[in-house]
Amino acid sequence: MKMARLFTWFYMLFLYAPIGLIVLFSFHSTPSLSLPFEGVSLRWYETIFNSYDFRTALGNSLIVAGASALFTTLLGTLSALALMRMKGKAKATFAFLNFAPIAMPGLFLGIALVILFSLIGLPRSLLTIIIGHTLFTLPFFVESVRSRLEYFDLSFEEAARDLGATPLKAFWLVTLPIIGPTIAGAAILTVALSLDEFLITVFVTGTDTTLPLLILSMIRRAVDPSINAASVIMLAMTIAIIGVAGLVMTMRRRRIELERTGE
């Protein structure tokens with residue numbers, strides 16, 4: 001038992017020690033990236049926020065994440081609803097085709113998108129990055145929403161239709177309020193995935209850059225604590241987004257438990 005606990009602590013240390021060092025040296029008062037730690041300062045955060053390139057890359061990342069989350073939410077919700085109504089082999093086939101891109105290497109998708117954009121004559125820009133991120137995050141969104149819809153009772157919609165509601169009104173007043181927290185949580189997760197996506201972005205970007213690409217270019221030039229500061233800002237954004245998603249999903253689980261208790 002003690003060995004298992006020791007191994008667990010060693011695993012956690014091995015996993016999070018590099019992240020802890022990044023956070024630590026982002027507050028270092030000197031450019032040194034080695035111990036001993038000589039003092040605490042916010043100079044590197046001030047440096048990074050005063051950088052025009054950083055502000056531009058951060059803005060591009062937020063634009064791409066927001067736009068891809070919007071398109072993913074629209075397409076993913078419709079796809080998950082269609083999957084819910086499928087039966088038999090058609091449903092199994094669609095579920096497999098949706099899961100396949102998750103297991104597919106991002107390198108393959110990036111190369112495929114470059115070839116596609118070249119064939120249709122679409123210049124690489126923020127638009128191509130948004131398309132790439134939408135394709136990357138869509139399967140994750142559909143899987144998240146589909147898992148909730150597996151427990152959705154279609155008799156609720158049928159009851160609304162019997163009472164005179166149109167299909168759109170039944171969805172808006174009955175289905176959407178029930179699956180809304182799941183959709184919100186999946187959309188927040190989509191934003192986090194988009195902010196961290198790097199491999200596909202390398203292939204589909206043009207002259208515009210995103211935050212992960214900027215950090216890579218900074219590392220190529222020189223290694224200084226401003227890179228740590230930029231990484232910590234990105235880490236904080238990701239943790240905050242995932243935290244909000246976790247809160248939404250927790251609220252969803254509690255709502256499901258209350259519904260089951262009421263039954």
# chains A, B, ... in the order shown; residues from 1 in each chain; ligands from 1
$ residues_around --residues "region 204-214 of chain A" --least-positions-apart "4" --cutoff "10 Å" --atoms "only C-alpha atoms" --output "JSON, numbers by chain"
{"A": [53, 54, 55, 56, 57, 58, 59, 60, 61, 62, 63, 64, 110, 111, 112, 113, 114, 115, 117, 123, 124, 125, 126, 127, 128, 129, 130, 131, 132, 133, 195, 196, 197, 198, 199, 200, 218, 219, 220, 227, 230, 231, 234]}
$ atom_distance --atom1 "CA of Leu163 (chain A)" --atom2 "CA of Arg148 (chain A)"
25.2 Å
$ atom_distance --atom1 "CA of Leu216 (chain A)" --atom2 "CA of Ile19 (chain A)"
16.6 Å
$ closest_residue --among "A:Arg5, A:Ile188, A:Asp224, A:Phe203" --to "Ala240 (chain A)" --atoms "only C-alpha atoms"
A:Ile188
$ residues_around --residues "Asn228 (chain A)" --least-positions-apart "6" --cutoff "7 Å" --atoms "only C-alpha atoms" --output "list of chain:residue names"
A:Ile22, A:Val23, A:Phe25, A:Ser26
$ write_last_selection --atoms "N, CA and C atoms" --output "compact mmCIF listing (two decimals), in the first residue's frame"
# COMPACT_ATOMS: atom_id res chain seq x y z
N ILE A 22 7.82 26.16 -14.92
CA ILE A 22 7.44 27.22 -15.85
C ILE A 22 6.78 28.36 -15.09
N VAL A 23 5.85 28.02 -14.20
CA VAL A 23 5.17 29.05 -13.41
C VAL A 23 6.16 29.78 -12.52
N PHE A 25 9.51 30.24 -12.79
CA PHE A 25 10.47 31.13 -13.45
C PHE A 25 9.80 32.25 -14.24
N SER A 26 8.48 32.18 -14.39
CA SER A 26 7.79 33.32 -15.01
C SER A 26 7.78 34.52 -14.07
$ select_by_dssp --residues "region 106-156 of chain A" --states "helix (DSSP H, G or I)" --output "compact mmCIF listing (two decimals) with N, CA, C and O atoms, in the first residue's frame"
# COMPACT_ATOMS: atom_id res chain seq x y z
N GLY A 106 -3.19 14.24 -35.96
CA GLY A 106 -3.42 15.59 -36.44
C GLY A 106 -2.58 15.93 -37.66
O GLY A 106 -2.98 16.76 -38.49
N LEU A 107 -1.43 15.28 -37.78
CA LEU A 107 -0.57 15.49 -38.96
C LEU A 107 -1.30 15.15 -40.24
O LEU A 107 -1.23 15.88 -41.24
N PHE A 108 -2.04 14.05 -40.23
CA PHE A 108 -2.78 13.62 -41.41
C PHE A 108 -3.84 14.65 -41.78
O PHE A 108 -4.01 15.00 -42.95
N LEU A 109 -4.59 15.13 -40.77
CA LEU A 109 -5.64 16.12 -41.03
C LEU A 109 -5.04 17.42 -41.54
O LEU A 109 -5.59 18.06 -42.45
N GLY A 110 -3.91 17.83 -40.98
CA GLY A 110 -3.27 19.06 -41.43
C GLY A 110 -2.84 18.99 -42.88
O GLY A 110 -3.07 19.92 -43.66
N ILE A 111 -2.22 17.89 -43.27
CA ILE A 111 -1.79 17.71 -44.66
C ILE A 111 -3.00 17.67 -45.60
O ILE A 111 -3.00 18.27 -46.69
N ALA A 112 -4.06 16.95 -45.17
CA ALA A 112 -5.26 16.86 -46.00
C ALA A 112 -5.88 18.24 -46.22
O ALA A 112 -6.34 18.56 -47.33
N LEU A 113 -5.89 19.07 -45.18
CA LEU A 113 -6.46 20.41 -45.31
C LEU A 113 -5.63 21.30 -46.23
O LEU A 113 -6.18 22.07 -47.02
N VAL A 114 -4.31 21.19 -46.13
CA VAL A 114 -3.44 21.97 -47.02
C VAL A 114 -3.72 21.62 -48.48
O VAL A 114 -3.84 22.50 -49.35
N ILE A 115 -3.84 20.32 -48.76
CA ILE A 115 -4.12 19.89 -50.13
C ILE A 115 -5.50 20.38 -50.59
O ILE A 115 -5.67 20.86 -51.72
N LEU A 116 -6.49 20.28 -49.70
CA LEU A 116 -7.84 20.73 -50.03
C LEU A 116 -7.87 22.22 -50.34
O LEU A 116 -8.45 22.64 -51.35
N PHE A 117 -7.25 23.02 -49.48
CA PHE A 117 -7.27 24.47 -49.69
C PHE A 117 -6.52 24.85 -50.97
O PHE A 117 -6.90 25.82 -51.66
N SER A 118 -5.48 24.10 -51.31
CA SER A 118 -4.76 24.36 -52.56
C SER A 118 -5.61 24.02 -53.77
O SER A 118 -5.61 24.75 -54.77
N LEU A 119 -6.37 22.94 -53.70
CA LEU A 119 -7.21 22.52 -54.82
C LEU A 119 -8.34 23.51 -55.08
O LEU A 119 -8.68 23.79 -56.24
N ILE A 120 -8.93 24.05 -54.02
CA ILE A 120 -10.06 24.97 -54.20
C ILE A 120 -9.61 26.42 -54.30
O ILE A 120 -10.43 27.32 -54.49
N LEU A 126 -6.84 33.35 -41.29
CA LEU A 126 -7.59 33.00 -40.08
C LEU A 126 -8.79 32.11 -40.43
O LEU A 126 -9.19 31.25 -39.63
N LEU A 127 -9.36 32.32 -41.62
CA LEU A 127 -10.51 31.52 -42.04
C LEU A 127 -10.12 30.05 -42.15
O LEU A 127 -10.86 29.17 -41.68
N THR A 128 -8.97 29.75 -42.75
CA THR A 128 -8.55 28.36 -42.88
C THR A 128 -8.22 27.76 -41.52
O THR A 128 -8.43 26.56 -41.29
N ILE A 129 -7.69 28.58 -40.61
CA ILE A 129 -7.44 28.08 -39.25
C ILE A 129 -8.75 27.74 -38.56
O ILE A 129 -8.86 26.71 -37.90
N ILE A 130 -9.75 28.60 -38.73
CA ILE A 130 -11.07 28.34 -38.13
C ILE A 130 -11.66 27.05 -38.69
O ILE A 130 -12.21 26.23 -37.94
N ILE A 131 -11.55 26.85 -40.01
CA ILE A 131 -12.06 25.62 -40.62
C ILE A 131 -11.34 24.40 -40.05
O ILE A 131 -11.96 23.39 -39.70
N GLY A 132 -10.02 24.49 -39.95
CA GLY A 132 -9.24 23.38 -39.41
C GLY A 132 -9.60 23.07 -37.97
O GLY A 132 -9.77 21.90 -37.59
N HIS A 133 -9.76 24.10 -37.14
CA HIS A 133 -10.11 23.88 -35.74
C HIS A 133 -11.53 23.34 -35.60
O HIS A 133 -11.81 22.54 -34.69
N THR A 134 -12.41 23.78 -36.48
CA THR A 134 -13.79 23.26 -36.44
C THR A 134 -13.81 21.77 -36.75
O THR A 134 -14.48 20.99 -36.06
N LEU A 135 -13.06 21.37 -37.77
CA LEU A 135 -12.99 19.94 -38.11
C LEU A 135 -12.34 19.14 -36.99
O LEU A 135 -12.72 17.99 -36.74
N PHE A 136 -11.37 19.73 -36.33
CA PHE A 136 -10.67 19.03 -35.25
C PHE A 136 -11.55 18.86 -34.01
O PHE A 136 -11.55 17.79 -33.38
N THR A 137 -12.31 19.88 -33.65
CA THR A 137 -13.09 19.84 -32.41
C THR A 137 -14.48 19.24 -32.58
O THR A 137 -15.10 18.84 -31.59
N LEU A 138 -14.97 19.17 -33.81
CA LEU A 138 -16.34 18.69 -34.04
C LEU A 138 -16.59 17.29 -33.49
O LEU A 138 -17.61 17.06 -32.83
N PRO A 139 -15.72 16.31 -33.74
CA PRO A 139 -15.98 14.96 -33.20
C PRO A 139 -16.06 14.93 -31.68
O PRO A 139 -16.87 14.20 -31.11
N PHE A 140 -15.20 15.71 -31.01
CA PHE A 140 -15.24 15.76 -29.55
C PHE A 140 -16.58 16.32 -29.07
O PHE A 140 -17.15 15.82 -28.10
N PHE A 141 -17.06 17.35 -29.75
CA PHE A 141 -18.33 17.96 -29.37
C PHE A 141 -19.48 16.97 -29.56
O PHE A 141 -20.32 16.80 -28.67
N VAL A 142 -19.51 16.31 -30.70
CA VAL A 142 -20.60 15.37 -30.99
C VAL A 142 -20.61 14.23 -29.99
O VAL A 142 -21.68 13.83 -29.50
N GLU A 143 -19.44 13.70 -29.65
CA GLU A 143 -19.38 12.61 -28.68
C GLU A 143 -19.89 13.05 -27.32
O GLU A 143 -20.58 12.30 -26.62
N SER A 144 -19.54 14.27 -26.91
CA SER A 144 -19.98 14.77 -25.60
C SER A 144 -21.49 14.92 -25.55
O SER A 144 -22.14 14.51 -24.58
N VAL A 145 -22.07 15.51 -26.60
CA VAL A 145 -23.52 15.73 -26.62
C VAL A 145 -24.27 14.41 -26.83
O VAL A 145 -25.32 14.18 -26.24
N ARG A 146 -23.71 13.54 -27.66
CA ARG A 146 -24.37 12.26 -27.93
C ARG A 146 -24.52 11.43 -26.67
O ARG A 146 -25.53 10.75 -26.46
N SER A 147 -23.50 11.47 -25.80
CA SER A 147 -23.56 10.69 -24.56
C SER A 147 -24.72 11.14 -23.67
O SER A 147 -25.30 10.32 -22.94
N ARG A 148 -25.07 12.42 -23.74
CA ARG A 148 -26.22 12.91 -22.98
C ARG A 148 -27.53 12.53 -23.66
O ARG A 148 -28.50 12.15 -22.99
N LEU A 149 -27.55 12.60 -24.98
CA LEU A 149 -28.79 12.31 -25.70
C LEU A 149 -29.16 10.83 -25.65
O LEU A 149 -30.30 10.48 -25.93
N SER A 155 -40.18 10.87 -25.77
CA SER A 155 -41.61 11.06 -25.49
C SER A 155 -41.90 12.50 -25.06
O SER A 155 -43.02 12.97 -25.20
N PHE A 156 -40.89 13.20 -24.55
CA PHE A 156 -41.09 14.61 -24.18
C PHE A 156 -41.42 15.44 -25.42
O PHE A 156 -42.35 16.26 -25.42
$ residues_around --residues "Phe171 (chain A)" --least-positions-apart "5" --cutoff "10 Å" --atoms "only C-alpha atoms" --output "PyMOL selection string"
chain A and resi 156-157+160-161+165-166+176-178
$ write_last_selection --atoms "C-alpha atoms" --output "tab-separated table (two decimals), in the first residue's frame"
chain	number	residue	atom	x	y	z
A	156	PHE	CA	-41.09	14.61	-24.18
A	157	GLU	CA	-40.91	15.94	-27.73
A	160	ALA	CA	-45.14	18.66	-27.06
A	161	ARG	CA	-46.05	17.78	-30.65
A	165	ALA	CA	-46.08	22.50	-30.96
A	166	THR	CA	-44.18	22.57	-34.23
A	176	LEU	CA	-32.87	22.47	-25.75
A	177	PRO	CA	-33.47	23.31	-22.06
A	178	ILE	CA	-32.74	19.69	-21.15
$ atom_distance --atom1 "CA of Thr47 (chain A)" --atom2 "CA of Ile242 (chain A)"
27.0 Å
$ residues_around --residues "Ser29 (chain A)" --least-positions-apart "4" --cutoff "9 Å" --atoms "only C-alpha atoms" --output "NGL selection string"
:A and (25 or 37-44)
$ write_last_selection --atoms "all heavy atoms" --output "short mmCIF file (atom, residue, chain, number, x, y, z; two decimals), in the first residue's frame"
data_model
loop_
_atom_site.label_atom_id
_atom_site.label_comp_id
_atom_site.auth_asym_id
_atom_site.auth_seq_id
_atom_site.Cartn_x
_atom_site.Cartn_y
_atom_site.Cartn_z
N PHE A 25 9.51 30.24 -12.79
CA PHE A 25 10.47 31.13 -13.45
C PHE A 25 9.80 32.25 -14.24
O PHE A 25 10.47 33.17 -14.69
CB PHE A 25 11.38 30.32 -14.36
CG PHE A 25 12.46 29.59 -13.62
CD1 PHE A 25 12.39 28.23 -13.41
CD2 PHE A 25 13.55 30.28 -13.11
CE1 PHE A 25 13.37 27.55 -12.72
CE2 PHE A 25 14.54 29.61 -12.41
CZ PHE A 25 14.46 28.24 -12.21
N PHE A 37 16.74 30.68 -6.98
CA PHE A 37 15.77 31.69 -7.34
C PHE A 37 16.16 32.99 -6.65
O PHE A 37 16.28 33.05 -5.43
CB PHE A 37 14.38 31.24 -6.89
CG PHE A 37 13.25 31.98 -7.54
CD1 PHE A 37 12.87 31.69 -8.84
CD2 PHE A 37 12.57 32.97 -6.85
CE1 PHE A 37 11.84 32.37 -9.45
CE2 PHE A 37 11.53 33.66 -7.45
CZ PHE A 37 11.17 33.35 -8.76
N GLU A 38 16.33 34.07 -7.43
CA GLU A 38 16.93 35.29 -6.90
C GLU A 38 15.93 36.37 -6.53
O GLU A 38 16.31 37.40 -5.98
CB GLU A 38 17.92 35.86 -7.92
CG GLU A 38 19.06 34.90 -8.24
CD GLU A 38 20.02 35.47 -9.26
OE1 GLU A 38 19.90 36.68 -9.56
OE2 GLU A 38 20.87 34.71 -9.76
N GLY A 39 14.66 36.20 -6.83
CA GLY A 39 13.68 37.22 -6.48
C GLY A 39 12.43 37.12 -7.31
O GLY A 39 12.40 36.47 -8.36
N VAL A 40 11.37 37.77 -6.83
CA VAL A 40 10.07 37.72 -7.48
C VAL A 40 9.81 39.04 -8.21
O VAL A 40 10.06 40.11 -7.66
CB VAL A 40 8.95 37.45 -6.45
CG1 VAL A 40 7.59 37.45 -7.13
CG2 VAL A 40 9.19 36.13 -5.74
N SER A 41 9.31 38.94 -9.43
CA SER A 41 9.01 40.13 -10.21
C SER A 41 7.95 39.81 -11.25
O SER A 41 7.82 38.67 -11.69
CB SER A 41 10.28 40.64 -10.90
OG SER A 41 9.98 41.73 -11.76
N LEU A 42 7.19 40.84 -11.65
CA LEU A 42 6.19 40.72 -12.71
C LEU A 42 6.69 41.32 -14.02
O LEU A 42 5.90 41.54 -14.94
CB LEU A 42 4.89 41.41 -12.29
CG LEU A 42 4.15 40.81 -11.08
CD1 LEU A 42 2.94 41.67 -10.73
CD2 LEU A 42 3.71 39.38 -11.38
N ARG A 43 8.00 41.56 -14.10
CA ARG A 43 8.56 42.25 -15.27
C ARG A 43 8.32 41.48 -16.55
O ARG A 43 8.11 42.09 -17.61
CB ARG A 43 10.06 42.49 -15.08
CG ARG A 43 10.87 41.22 -14.88
CD ARG A 43 12.36 41.50 -14.73
NE ARG A 43 12.92 41.99 -15.97
CZ ARG A 43 14.24 42.06 -16.19
NH1 ARG A 43 15.09 41.67 -15.25
NH2 ARG A 43 14.71 42.49 -17.34
N TRP A 44 8.31 40.16 -16.51
CA TRP A 44 8.16 39.38 -17.73
C TRP A 44 6.71 39.39 -18.21
O TRP A 44 6.46 39.33 -19.42
CB TRP A 44 8.65 37.96 -17.50
CG TRP A 44 10.06 37.93 -16.99
CD1 TRP A 44 10.49 37.54 -15.77
CD2 TRP A 44 11.22 38.39 -17.70
NE1 TRP A 44 11.85 37.70 -15.66
CE2 TRP A 44 12.32 38.22 -16.84
CE3 TRP A 44 11.45 38.91 -18.97
CZ2 TRP A 44 13.62 38.55 -17.20
CZ3 TRP A 44 12.73 39.25 -19.34
CH2 TRP A 44 13.80 39.07 -18.47
#
$ residues_around --residues "Gly246 (chain A)" --least-positions-apart "2" --cutoff "12 Å" --atoms "only C-alpha atoms" --output "list in words"
Pro181, Thr182, Ala184, Gly185, Ala186, Ala187, Ile188, Leu189, Ile239, Ala240, Ile241, Ile242, Gly243, Val244, Val248, Met249, Thr250, Met251, Arg252 and Arg253 of chain A
$ closest_residue --among "A:Leu70, A:Ala229, A:Met84, A:Ile48" --to "Ile183 (chain A)" --atoms "only C-alpha atoms"
A:Leu70
$ decode --residues "region 46-155 of chain A" --atoms "C-alpha atoms" --output "CSV table (one decimal), in the first residue's frame"
chain,number,residue,atom,x,y,z
A,46,GLU,CA,4.7,43.4,-18.3
A,47,THR,CA,7.1,42.6,-21.2
A,48,ILE,CA,4.8,40.1,-22.8
A,49,PHE,CA,1.7,42.3,-22.5
A,50,ASN,CA,3.6,45.3,-24.0
A,51,SER,CA,4.5,43.1,-27.0
A,52,TYR,CA,2.4,43.9,-30.1
A,53,ASP,CA,3.0,40.4,-31.4
A,54,PHE,CA,1.7,38.8,-28.3
A,55,ARG,CA,-1.5,40.9,-28.2
A,56,THR,CA,-2.1,40.2,-31.9
A,57,ALA,CA,-1.5,36.4,-31.4
A,58,LEU,CA,-3.7,36.4,-28.4
A,59,GLY,CA,-6.5,38.2,-30.2
A,60,ASN,CA,-6.2,35.8,-33.2
A,61,SER,CA,-6.4,32.8,-30.8
A,62,LEU,CA,-9.5,34.2,-29.2
A,63,ILE,CA,-11.1,34.9,-32.6
A,64,VAL,CA,-10.3,31.4,-33.9
A,65,ALA,CA,-11.5,29.7,-30.7
A,66,GLY,CA,-14.7,31.7,-30.5
A,67,ALA,CA,-15.6,31.2,-34.2
A,68,SER,CA,-14.7,27.5,-34.3
A,69,ALA,CA,-16.7,27.0,-31.1
A,70,LEU,CA,-19.7,28.7,-32.7
A,71,PHE,CA,-19.6,26.6,-35.9
A,72,THR,CA,-18.8,23.4,-33.9
A,73,THR,CA,-21.8,24.0,-31.6
A,74,LEU,CA,-24.2,24.6,-34.5
A,75,LEU,CA,-23.0,21.6,-36.6
A,76,GLY,CA,-22.3,19.3,-33.7
A,77,THR,CA,-25.7,19.8,-32.1
A,78,LEU,CA,-27.5,19.1,-35.3
A,79,SER,CA,-25.3,16.0,-35.9
A,80,ALA,CA,-25.9,14.7,-32.4
A,81,LEU,CA,-29.6,15.1,-32.7
A,82,ALA,CA,-29.6,13.3,-36.0
A,83,LEU,CA,-27.5,10.5,-34.5
A,84,MET,CA,-29.9,10.2,-31.6
A,85,ARG,CA,-32.8,9.4,-34.1
A,86,MET,CA,-30.8,6.9,-36.2
A,87,LYS,CA,-31.3,3.2,-35.7
A,88,GLY,CA,-29.3,0.0,-36.3
A,89,LYS,CA,-26.4,-0.1,-38.7
A,90,ALA,CA,-26.8,3.5,-39.8
A,91,LYS,CA,-26.3,4.7,-36.3
A,92,ALA,CA,-23.3,2.4,-35.7
A,93,THR,CA,-21.7,3.5,-38.9
A,94,PHE,CA,-22.2,7.2,-38.2
A,95,ALA,CA,-20.8,6.8,-34.7
A,96,PHE,CA,-17.7,5.1,-36.0
A,97,LEU,CA,-17.1,7.7,-38.7
A,98,ASN,CA,-17.5,10.4,-36.0
A,99,PHE,CA,-15.0,8.8,-33.7
A,100,ALA,CA,-12.4,8.0,-36.4
A,101,PRO,CA,-11.0,11.6,-36.6
A,102,ILE,CA,-10.4,11.6,-32.8
A,103,ALA,CA,-8.0,8.6,-33.2
A,104,MET,CA,-6.5,10.0,-36.5
A,105,PRO,CA,-3.2,11.8,-36.2
A,106,GLY,CA,-3.4,15.6,-36.4
A,107,LEU,CA,-0.6,15.5,-39.0
A,108,PHE,CA,-2.8,13.6,-41.4
A,109,LEU,CA,-5.6,16.1,-41.0
A,110,GLY,CA,-3.3,19.1,-41.4
A,111,ILE,CA,-1.8,17.7,-44.7
A,112,ALA,CA,-5.3,16.9,-46.0
A,113,LEU,CA,-6.5,20.4,-45.3
A,114,VAL,CA,-3.4,22.0,-47.0
A,115,ILE,CA,-4.1,19.9,-50.1
A,116,LEU,CA,-7.8,20.7,-50.0
A,117,PHE,CA,-7.3,24.5,-49.7
A,118,SER,CA,-4.8,24.4,-52.6
A,119,LEU,CA,-7.2,22.5,-54.8
A,120,ILE,CA,-10.1,25.0,-54.2
A,121,GLY,CA,-7.8,28.0,-54.3
A,122,LEU,CA,-8.5,29.2,-50.8
A,123,PRO,CA,-5.6,31.3,-49.4
A,124,ARG,CA,-4.4,30.4,-45.9
A,125,SER,CA,-5.6,32.8,-43.3
A,126,LEU,CA,-7.6,33.0,-40.1
A,127,LEU,CA,-10.5,31.5,-42.0
A,128,THR,CA,-8.6,28.4,-42.9
A,129,ILE,CA,-7.4,28.1,-39.2
A,130,ILE,CA,-11.1,28.3,-38.1
A,131,ILE,CA,-12.1,25.6,-40.6
A,132,GLY,CA,-9.2,23.4,-39.4
A,133,HIS,CA,-10.1,23.9,-35.7
A,134,THR,CA,-13.8,23.3,-36.4
A,135,LEU,CA,-13.0,19.9,-38.1
A,136,PHE,CA,-10.7,19.0,-35.2
A,137,THR,CA,-13.1,19.8,-32.4
A,138,LEU,CA,-16.3,18.7,-34.0
A,139,PRO,CA,-16.0,15.0,-33.2
A,140,PHE,CA,-15.2,15.8,-29.6
A,141,PHE,CA,-18.3,18.0,-29.4
A,142,VAL,CA,-20.6,15.4,-31.0
A,143,GLU,CA,-19.4,12.6,-28.7
A,144,SER,CA,-20.0,14.8,-25.6
A,145,VAL,CA,-23.5,15.7,-26.6
A,146,ARG,CA,-24.4,12.3,-27.9
A,147,SER,CA,-23.6,10.7,-24.6
A,148,ARG,CA,-26.2,12.9,-23.0
A,149,LEU,CA,-28.8,12.3,-25.7
A,150,GLU,CA,-28.5,8.6,-25.2
A,151,TYR,CA,-30.6,9.1,-22.0
A,152,PHE,CA,-33.0,11.6,-23.6
A,153,ASP,CA,-36.6,10.5,-23.6
A,154,LEU,CA,-38.1,11.3,-27.0
A,155,SER,CA,-41.6,11.1,-25.5
